[in-house]
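*Asks:* Structure incoming, see below.
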Number of protein chains: 2
Amino acid sequence: MIKVVVVEDNDTIRDGLKILIDGTEGYSCIGAYSKCEAMLKVLEKLQPDVLLMDIGLPGMNGIDGIKEAKAVLPDLNILVLTVYEENDLIFDALCAGACGYLVKKTPPSKLLEAIKEATQGGAPMSSHIARKVIDFFQHKNRSASKGANNNLTPREREILSGLVEGNSFKAIADSLFISIETVRFHFRNIYKKLHVHSQSEAVAKAIKEGLI
Amino acid sequence: MIKVVVVEDNDTIRDGLKILIDGTEGYSCIGAYSKCEAMLKVLEKLQPDVLLMDIGLPGMNGIDGIKEAKAVLPDLNILVLTVYEENDLIFDALCAGACGYLVKKTPPSKLLEAIKEATQGGAPMSSHIARKVIDFFQHKNRSASKGANNNLTPREREILSGLVEGNSFKAIADSLFISIETVRFHFRNIYKKLHVHSQSEAVAKAIKEGLI
DNA sequence: CCCCCCTCTACCTATTTAGGTAGTATTAAT
DNA sequence: ATTAATACTACCTAAATAGGTAGAGGGGGG
């Protein structure tokens, strides 16, 4: 029996979810609240398997609710159920501890399946949400490979990497079997291209913009 | 009709996939190769909707194959189909441009569904893979908020931040209304605590470990 | 009350970096 | 064949940084 707790401010939806869950073999809705605060008070007693949460709530917002819930029960599976598809909310929710993210138009059968999946170590996501999540990885890379590293030559990137690893000019020179003067030469060009005037600035920019 | 190209070195599996895809209404396997190189040569002509790729291939590895394929057809939906569940491979594949990641034990019906999902802007993933992906976000946060920033005093973090912003010791001193000697004093302590010996190393460590 | 930690300042020396000028060699493109 | 871009080396000066030593003042806890 999968024990589910629901937090959803819309009475109609909340009641609908409770009826759906309780009405399905193997599922039980052991709590349904309109606010995070109310849920958090009894969370430890309830010990649910899955927490189904709305994000756009009055009072404490859903993201903070997730964090607090995770603080009480670190292994709780939290599913976000929402109308929002904004990237920030998705990532905030995932970072806060959600293990899945469903849009509200998800059909009941899929919702029940998602709840079960969550208890089995899965991460149910609506397909468009999943795409946004994986896009994150590609964007991370895109900015790294095209973004701003463009004007740096391969050799310059190599040398800059050495600095990011924490090596001195001399160490970089030795590892590349070139003169320290050559390293200095490259850094002059790197600094010009990145518009910086010190090692630390260059390292910070290199890491932040994913140049390396 | 969804046009699929398969790359898989195991003849049995490859033939099985081709038969499955061709044998299903609405799907067509317009190419099946045992190596990335062969697929890449004809990719532009084939113009498939989905590329189903193995990762552990002889010759060019799957990750590079994904990158090259994306270079030819940037909007191609690439699904990884593999036995590997190592984190690095998953993330490398996603960064390279895969839009989904399926383990080989995925049943045929799920596989076909995943192919369709990919063409509709989804990101089909086996449930355990999805969990690993979302775990990434949570770990990212955990190490950033708790990780190692502990042993630095508030003042030291403040000063280190200045360095990460790209400021010189003097600039940091001025902005905090303290002497440059004080800044140097703090950096000596910061370096000891972080076990580094230069600005760049400190900045790199600070950013990577999320100290700032 | 005393000790420890944090914060602040100073001086010394050796090393490293920043920025400028100047020149050679190789390769790819015009 | 000339140009542009890249990679390499050298020498110069001024500035910044690393590491050591030394000491003052404040606040919290034993």
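Going by the structure tokens order, chains are called A, B, ..., each with residues numbered from 1, while ligands are numbered from 1 in the order shown.
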Go through chain A and flag each residue having an atom no more than 9 Å from chain B; for those, report the closest pair of atoms plus their distance in Å to one decimal, using only C-alpha atoms, ordered by chain and rising number, as a tab-separated table.
*Replies:*
residue	atom	partner	partner_atom	distance
A:Phe91	CA	B:Phe137	CA	7.6
A:Asp92	CA	B:Phe137	CA	8.9
A:Leu94	CA	B:Phe137	CA	6.3
A:Cys95	CA	B:Gln138	CA	4.5
A:Ala96	CA	B:Gln138	CA	6.8
A:Gly97	CA	B:Gln138	CA	6.2
A:Ala98	CA	B:Ile134	CA	8.3
A:Cys99	CA	B:Ile134	CA	6.7
A:Gly100	CA	B:Ile134	CA	8.1
A:Glu117	CA	B:Ser127	CA	7.3
A:Ala118	CA	B:Ser127	CA	8.6
A:Gln120	CA	B:Ser127	CA	8.6
A:Gly121	CA	B:His128	CA	6.2
A:Gly122	CA	B:Ser127	CA	4.2
A:Ala123	CA	B:Arg131	CA	4.7
A:Pro124	CA	B:Ser127	CA	7.0
A:Met125	CA	B:Ala130	CA	8.4
A:Ser126	CA	B:Gly122	CA	8.0
A:Ser127	CA	B:Gly122	CA	4.3
A:His128	CA	B:Gly122	CA	5.1
A:Ile129	CA	B:Gly122	CA	7.8
A:Ala130	CA	B:Ala123	CA	5.2
A:Arg131	CA	B:Ala123	CA	4.7
A:Lys132	CA	B:Ala123	CA	8.4
A:Val133	CA	B:Ile134	CA	8.1
A:Ile134	CA	B:Leu94	CA	6.5
A:Asp135	CA	B:Cys99	CA	7.9
A:Phe136	CA	B:Cys95	CA	8.6
A:Phe137	CA	B:Cys95	CA	5.1
A:Gln138	CA	B:Cys95	CA	4.6
A:His139	CA	B:Cys95	CA	8.0
A:Lys140	CA	B:Cys95	CA	7.6
A:Asn141	CA	B:Cys95	CA	6.0
A:Arg142	CA	B:Cys95	CA	8.5
A:Leu163	CA	B:Ser200	CA	6.4
A:Val164	CA	B:Ala204	CA	5.7
A:Glu165	CA	B:Glu201	CA	6.5
A:Gly166	CA	B:Glu201	CA	4.0
A:Asn167	CA	B:Glu201	CA	7.3
A:Ser168	CA	B:Ser198	CA	7.9
A:Val196	CA	B:Gly166	CA	7.9
A:His197	CA	B:Gly166	CA	8.3
A:Ser198	CA	B:Gly166	CA	7.3
A:Gln199	CA	B:Ser200	CA	5.7
A:Ser200	CA	B:Ser200	CA	4.8
A:Glu201	CA	B:Gly166	CA	3.9
A:Ala202	CA	B:Gly166	CA	7.7
A:Val203	CA	B:Ser200	CA	6.0
A:Ala204	CA	B:Val164	CA	5.7
A:Lys205	CA	B:Gly166	CA	8.5
A:Ile207	CA	B:Ala204	CA	7.5
A:Lys208	CA	B:Ile207	CA	8.4
*Asks:* Tell me as a PyMOL selection string which residues belonging to chain D come within 10 Å of chain B, counting only C-alpha atoms (C1' of nucleotides).
*Replies:* chain D and resi 16-19
*Asks:* Pairing every Cα of chain B with chain A in order, what RMSD remains after the least-squares superposition?
*Replies:*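 The root-mean-square deviation of C-alpha positions is 1.9 Å.
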*Asks:* Considering only C-alpha atoms (C1' of nucleotides), return as a list of chain:residue names whatever protein or nucleic-acid residues lie within 7 Å of stretch 78-86 of chain A, sequence-local ones (same chain, fewer than 6 positions apart) excluded.
*Replies:*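 Using only C-alpha atoms (C1' of nucleotides), the neighbours found are A:Val50, A:Leu51, A:Leu52, A:Met53, A:Asp54, A:Ile55, A:Ala98, A:Cys99, A:Gly100, A:Tyr101, A:Leu102, A:Val103, A:Lys104.
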*Asks:* Can you list, as an NGL selection string, all residues belonging to stretch 60-183 of chain A that DSSP tags as strand (DSSP E or B)?
*Replies:* :A and (77-82 or 100-103 or 125)
*Asks:* Write to file, as a PDB file, in the first residue's frame, the residues of the selection just made, with all heavy atoms.
*Replies:*
ATOM      1  N   ASN A  77       9.751  10.763  -1.004  1.00  0.00           N
ATOM      2  CA  ASN A  77       9.645  11.034  -2.437  1.00  0.00           C
ATOM      3  C   ASN A  77       8.628  12.143  -2.660  1.00  0.00           C
ATOM      4  O   ASN A  77       7.448  11.984  -2.340  1.00  0.00           O
ATOM      5  CB  ASN A  77       9.189   9.775  -3.175  1.00  0.00           C
ATOM      6  CG  ASN A  77      10.236   8.694  -3.110  1.00  0.00           C
ATOM      7  OD1 ASN A  77      11.357   8.874  -3.579  1.00  0.00           O
ATOM      8  ND2 ASN A  77       9.886   7.569  -2.510  1.00  0.00           N
ATOM      9  N   ILE A  78       9.098  13.233  -3.193  1.00  0.00           N
ATOM     10  CA  ILE A  78       8.220  14.388  -3.387  1.00  0.00           C
ATOM     11  C   ILE A  78       7.958  14.613  -4.867  1.00  0.00           C
ATOM     12  O   ILE A  78       8.889  14.763  -5.665  1.00  0.00           O
ATOM     13  CB  ILE A  78       8.844  15.654  -2.771  1.00  0.00           C
ATOM     14  CG1 ILE A  78       9.117  15.426  -1.285  1.00  0.00           C
ATOM     15  CG2 ILE A  78       7.942  16.863  -2.995  1.00  0.00           C
ATOM     16  CD1 ILE A  78       9.781  16.597  -0.590  1.00  0.00           C
ATOM     17  N   LEU A  79       6.682  14.628  -5.209  1.00  0.00           N
ATOM     18  CA  LEU A  79       6.311  14.904  -6.594  1.00  0.00           C
ATOM     19  C   LEU A  79       5.659  16.270  -6.671  1.00  0.00           C
ATOM     20  O   LEU A  79       4.739  16.566  -5.907  1.00  0.00           O
ATOM     21  CB  LEU A  79       5.322  13.849  -7.099  1.00  0.00           C
ATOM     22  CG  LEU A  79       5.865  12.442  -7.324  1.00  0.00           C
ATOM     23  CD1 LEU A  79       4.765  11.539  -7.873  1.00  0.00           C
ATOM     24  CD2 LEU A  79       7.027  12.491  -8.298  1.00  0.00           C
ATOM     25  N   VAL A  80       6.130  17.065  -7.589  1.00  0.00           N
ATOM     26  CA  VAL A  80       5.528  18.374  -7.797  1.00  0.00           C
ATOM     27  C   VAL A  80       4.432  18.226  -8.853  1.00  0.00           C
ATOM     28  O   VAL A  80       4.624  17.584  -9.884  1.00  0.00           O
ATOM     29  CB  VAL A  80       6.573  19.396  -8.260  1.00  0.00           C
ATOM     30  CG1 VAL A  80       5.908  20.704  -8.639  1.00  0.00           C
ATOM     31  CG2 VAL A  80       7.616  19.597  -7.191  1.00  0.00           C
ATOM     32  N   LEU A  81       3.279  18.803  -8.536  1.00  0.00           N
ATOM     33  CA  LEU A  81       2.145  18.737  -9.460  1.00  0.00           C
ATOM     34  C   LEU A  81       1.696  20.168  -9.678  1.00  0.00           C
ATOM     35  O   LEU A  81       1.183  20.803  -8.754  1.00  0.00           O
ATOM     36  CB  LEU A  81       1.019  17.914  -8.827  1.00  0.00           C
ATOM     37  CG  LEU A  81      -0.226  17.698  -9.668  1.00  0.00           C
ATOM     38  CD1 LEU A  81       0.102  16.894 -10.910  1.00  0.00           C
ATOM     39  CD2 LEU A  81      -1.300  16.987  -8.849  1.00  0.00           C
ATOM     40  N   THR A  82       1.884  20.691 -10.860  1.00  0.00           N
ATOM     41  CA  THR A  82       1.671  22.125 -11.020  1.00  0.00           C
ATOM     42  C   THR A  82       1.306  22.511 -12.434  1.00  0.00           C
ATOM     43  O   THR A  82       1.441  21.714 -13.367  1.00  0.00           O
ATOM     44  CB  THR A  82       2.946  22.888 -10.617  1.00  0.00           C
ATOM     45  OG1 THR A  82       2.736  24.278 -10.786  1.00  0.00           O
ATOM     46  CG2 THR A  82       4.107  22.469 -11.502  1.00  0.00           C
ATOM     47  N   GLY A 100      10.310  14.368  -8.775  1.00  0.00           N
ATOM     48  CA  GLY A 100       9.548  14.302 -10.012  1.00  0.00           C
ATOM     49  C   GLY A 100       8.757  15.582 -10.200  1.00  0.00           C
ATOM     50  O   GLY A 100       8.596  16.369  -9.260  1.00  0.00           O
ATOM     51  N   TYR A 101       8.312  15.799 -11.422  1.00  0.00           N
ATOM     52  CA  TYR A 101       7.650  17.070 -11.721  1.00  0.00           C
ATOM     53  C   TYR A 101       6.583  16.808 -12.777  1.00  0.00           C
ATOM     54  O   TYR A 101       6.894  16.476 -13.929  1.00  0.00           O
ATOM     55  CB  TYR A 101       8.697  18.053 -12.242  1.00  0.00           C
ATOM     56  CG  TYR A 101       8.305  19.500 -12.178  1.00  0.00           C
ATOM     57  CD1 TYR A 101       8.848  20.346 -11.208  1.00  0.00           C
ATOM     58  CD2 TYR A 101       7.406  20.056 -13.091  1.00  0.00           C
ATOM     59  CE1 TYR A 101       8.520  21.681 -11.145  1.00  0.00           C
ATOM     60  CE2 TYR A 101       7.063  21.399 -13.031  1.00  0.00           C
ATOM     61  CZ  TYR A 101       7.622  22.209 -12.055  1.00  0.00           C
ATOM     62  OH  TYR A 101       7.291  23.538 -12.003  1.00  0.00           O
ATOM     63  N   LEU A 102       5.334  16.952 -12.368  1.00  0.00           N
ATOM     64  CA  LEU A 102       4.235  16.648 -13.286  1.00  0.00           C
ATOM     65  C   LEU A 102       3.389  17.883 -13.545  1.00  0.00           C
ATOM     66  O   LEU A 102       3.140  18.671 -12.622  1.00  0.00           O
ATOM     67  CB  LEU A 102       3.353  15.568 -12.669  1.00  0.00           C
ATOM     68  CG  LEU A 102       4.067  14.271 -12.275  1.00  0.00           C
ATOM     69  CD1 LEU A 102       3.138  13.396 -11.434  1.00  0.00           C
ATOM     70  CD2 LEU A 102       4.542  13.529 -13.517  1.00  0.00           C
ATOM     71  N   VAL A 103       2.961  18.037 -14.762  1.00  0.00           N
ATOM     72  CA  VAL A 103       2.035  19.140 -15.049  1.00  0.00           C
ATOM     73  C   VAL A 103       0.622  18.654 -14.751  1.00  0.00           C
ATOM     74  O   VAL A 103       0.340  17.463 -14.780  1.00  0.00           O
ATOM     75  CB  VAL A 103       2.162  19.615 -16.516  1.00  0.00           C
ATOM     76  CG1 VAL A 103       3.530  20.231 -16.718  1.00  0.00           C
ATOM     77  CG2 VAL A 103       1.958  18.474 -17.486  1.00  0.00           C
ATOM     78  N   MET A 125       8.529  12.414 -14.729  1.00  0.00           N
ATOM     79  CA  MET A 125       8.405  13.802 -15.186  1.00  0.00           C
ATOM     80  C   MET A 125       7.527  13.844 -16.425  1.00  0.00           C
ATOM     81  O   MET A 125       7.611  12.940 -17.265  1.00  0.00           O
ATOM     82  CB  MET A 125       9.783  14.347 -15.575  1.00  0.00           C
ATOM     83  CG  MET A 125      10.640  14.749 -14.409  1.00  0.00           C
ATOM     84  SD  MET A 125      12.277  15.282 -14.954  1.00  0.00           S
ATOM     85  CE  MET A 125      13.124  13.722 -15.099  1.00  0.00           C
TER      86      MET A 125
END
*Asks:* Near A:Leu43, counting only C-alpha atoms (C1' of nucleotides), which residues have an atom at most 9 Å away, once you skip same-chain residues fewer than 3 positions from it, shown as a VMD selection string?
*Replies:* chain A and resid 5 38 to 40 46 to 48 69 72 to 73
*Asks:* Would you put the residues from that selection into a file with all heavy atoms, as an mmCIF file, in the first residue's frame?
*Replies:*
data_model
loop_
_atom_site.group_PDB
_atom_site.id
_atom_site.type_symbol
_atom_site.label_atom_id
_atom_site.label_comp_id
_atom_site.auth_asym_id
_atom_site.auth_seq_id
_atom_site.Cartn_x
_atom_site.Cartn_y
_atom_site.Cartn_z
ATOM 1 N N VAL A 5 0.456 11.701 0.632
ATOM 2 C CA VAL A 5 -0.072 12.925 1.224
ATOM 3 C C VAL A 5 -0.145 13.987 0.129
ATOM 4 O O VAL A 5 0.766 14.100 -0.691
ATOM 5 C CB VAL A 5 0.820 13.425 2.381
ATOM 6 C CG1 VAL A 5 0.495 14.866 2.745
ATOM 7 C CG2 VAL A 5 0.680 12.517 3.592
ATOM 8 N N ALA A 38 0.356 23.246 7.357
ATOM 9 C CA ALA A 38 -0.472 22.212 7.978
ATOM 10 C C ALA A 38 0.142 20.831 7.749
ATOM 11 O O ALA A 38 0.198 20.001 8.660
ATOM 12 C CB ALA A 38 -1.884 22.262 7.404
ATOM 13 N N MET A 39 0.611 20.637 6.532
ATOM 14 C CA MET A 39 1.212 19.339 6.210
ATOM 15 C C MET A 39 2.469 19.098 7.047
ATOM 16 O O MET A 39 2.682 17.991 7.574
ATOM 17 C CB MET A 39 1.535 19.311 4.705
ATOM 18 C CG MET A 39 2.307 18.120 4.217
ATOM 19 S SD MET A 39 4.097 18.327 4.379
ATOM 20 C CE MET A 39 4.437 19.598 3.161
ATOM 21 N N LEU A 40 3.297 20.133 7.163
ATOM 22 C CA LEU A 40 4.571 19.961 7.865
ATOM 23 C C LEU A 40 4.380 19.583 9.331
ATOM 24 O O LEU A 40 5.196 18.857 9.910
ATOM 25 C CB LEU A 40 5.399 21.251 7.748
ATOM 26 C CG LEU A 40 5.980 21.514 6.356
ATOM 27 C CD1 LEU A 40 6.546 22.924 6.243
ATOM 28 C CD2 LEU A 40 7.050 20.481 6.013
ATOM 29 N N LEU A 46 2.751 11.104 9.988
ATOM 30 C CA LEU A 46 2.115 10.399 8.868
ATOM 31 C C LEU A 46 3.058 9.419 8.182
ATOM 32 O O LEU A 46 2.641 8.358 7.731
ATOM 33 C CB LEU A 46 1.601 11.417 7.835
ATOM 34 C CG LEU A 46 0.439 12.295 8.303
ATOM 35 C CD1 LEU A 46 0.092 13.319 7.228
ATOM 36 C CD2 LEU A 46 -0.784 11.431 8.621
ATOM 37 N N GLN A 47 4.321 9.788 8.087
ATOM 38 C CA GLN A 47 5.306 8.924 7.410
ATOM 39 C C GLN A 47 4.800 8.413 6.055
ATOM 40 O O GLN A 47 4.725 7.203 5.821
ATOM 41 C CB GLN A 47 5.671 7.738 8.312
ATOM 42 C CG GLN A 47 6.443 8.114 9.555
ATOM 43 C CD GLN A 47 7.928 8.355 9.290
ATOM 44 O OE1 GLN A 47 8.501 7.816 8.345
ATOM 45 N NE2 GLN A 47 8.551 9.200 10.110
ATOM 46 N N PRO A 48 4.469 9.321 5.166
ATOM 47 C CA PRO A 48 3.970 8.891 3.850
ATOM 48 C C PRO A 48 5.113 8.368 2.975
ATOM 49 O O PRO A 48 6.285 8.584 3.273
ATOM 50 C CB PRO A 48 3.393 10.176 3.252
ATOM 51 C CG PRO A 48 4.197 11.272 3.883
ATOM 52 C CD PRO A 48 4.552 10.794 5.265
ATOM 53 N N ALA A 69 10.071 19.775 4.165
ATOM 54 C CA ALA A 69 9.631 18.376 4.208
ATOM 55 C C ALA A 69 10.829 17.445 4.142
ATOM 56 O O ALA A 69 10.909 16.445 4.860
ATOM 57 C CB ALA A 69 8.655 18.101 3.069
ATOM 58 N N VAL A 72 12.591 17.111 7.380
ATOM 59 C CA VAL A 72 11.930 16.219 8.338
ATOM 60 C C VAL A 72 12.112 14.756 7.932
ATOM 61 O O VAL A 72 12.500 13.912 8.733
ATOM 62 C CB VAL A 72 10.421 16.556 8.439
ATOM 63 C CG1 VAL A 72 9.727 15.585 9.389
ATOM 64 C CG2 VAL A 72 10.227 18.000 8.885
ATOM 65 N N LEU A 73 11.831 14.477 6.670
ATOM 66 C CA LEU A 73 11.957 13.105 6.158
ATOM 67 C C LEU A 73 12.838 13.111 4.915
ATOM 68 O O LEU A 73 12.346 13.258 3.796
ATOM 69 C CB LEU A 73 10.569 12.548 5.806
ATOM 70 C CG LEU A 73 9.533 12.449 6.921
ATOM 71 C CD1 LEU A 73 8.199 11.950 6.370
ATOM 72 C CD2 LEU A 73 10.014 11.520 8.026
#
*Asks:* Enumerate as a list in words the residues belonging to chain B that approach chain C to within 10 Å, with only C-alpha atoms (C1' of nucleotides) taken into account.
*Replies:*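 Taken together, these residues fit the definition: Thr153, Pro154, Arg155, Ile178, Ser179, Ile180, Glu181, Thr182, Val183, Phe185, His186 and Ser198 of chain B.
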*Asks:* Need the shell around stretch 10-19 of chain A: protein/DNA/RNA residues with any atom at most 9 Å away, counting only C-alpha atoms (C1' of nucleotides). Skip same-chain ones fewer than 5 positions apart. Format as a list in words?
*Replies:* Val4, Val5, Thr24, Ser28, Cys29, Ile30, Gly31, Ala32, Tyr33, Ser34 and Pro108 of chain A
*Asks:* Using backbone DSSP assignments, extract all helix (DSSP H, G or I) residues from stretch 2-183 of chain B; output them as a PyMOL selection string.
*Replies:* chain B and resi 11-22+36-46+62-72+87-96+108-119+127-145+149-151+154-164+169-176+180-183
*Asks:* How many Å separate atom CA of A:Lys192 from atom CA of A:Phe177?
*Replies:*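 Spanning atom CA of A:Lys192 to atom CA of A:Phe177 is a straight-line distance of 23.9 Å.
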*Asks:* Which distance in Å separates atom CA of B:Gly65 and atom CA of A:Gly210, to one decimal?
*Replies:* 22.4 Å
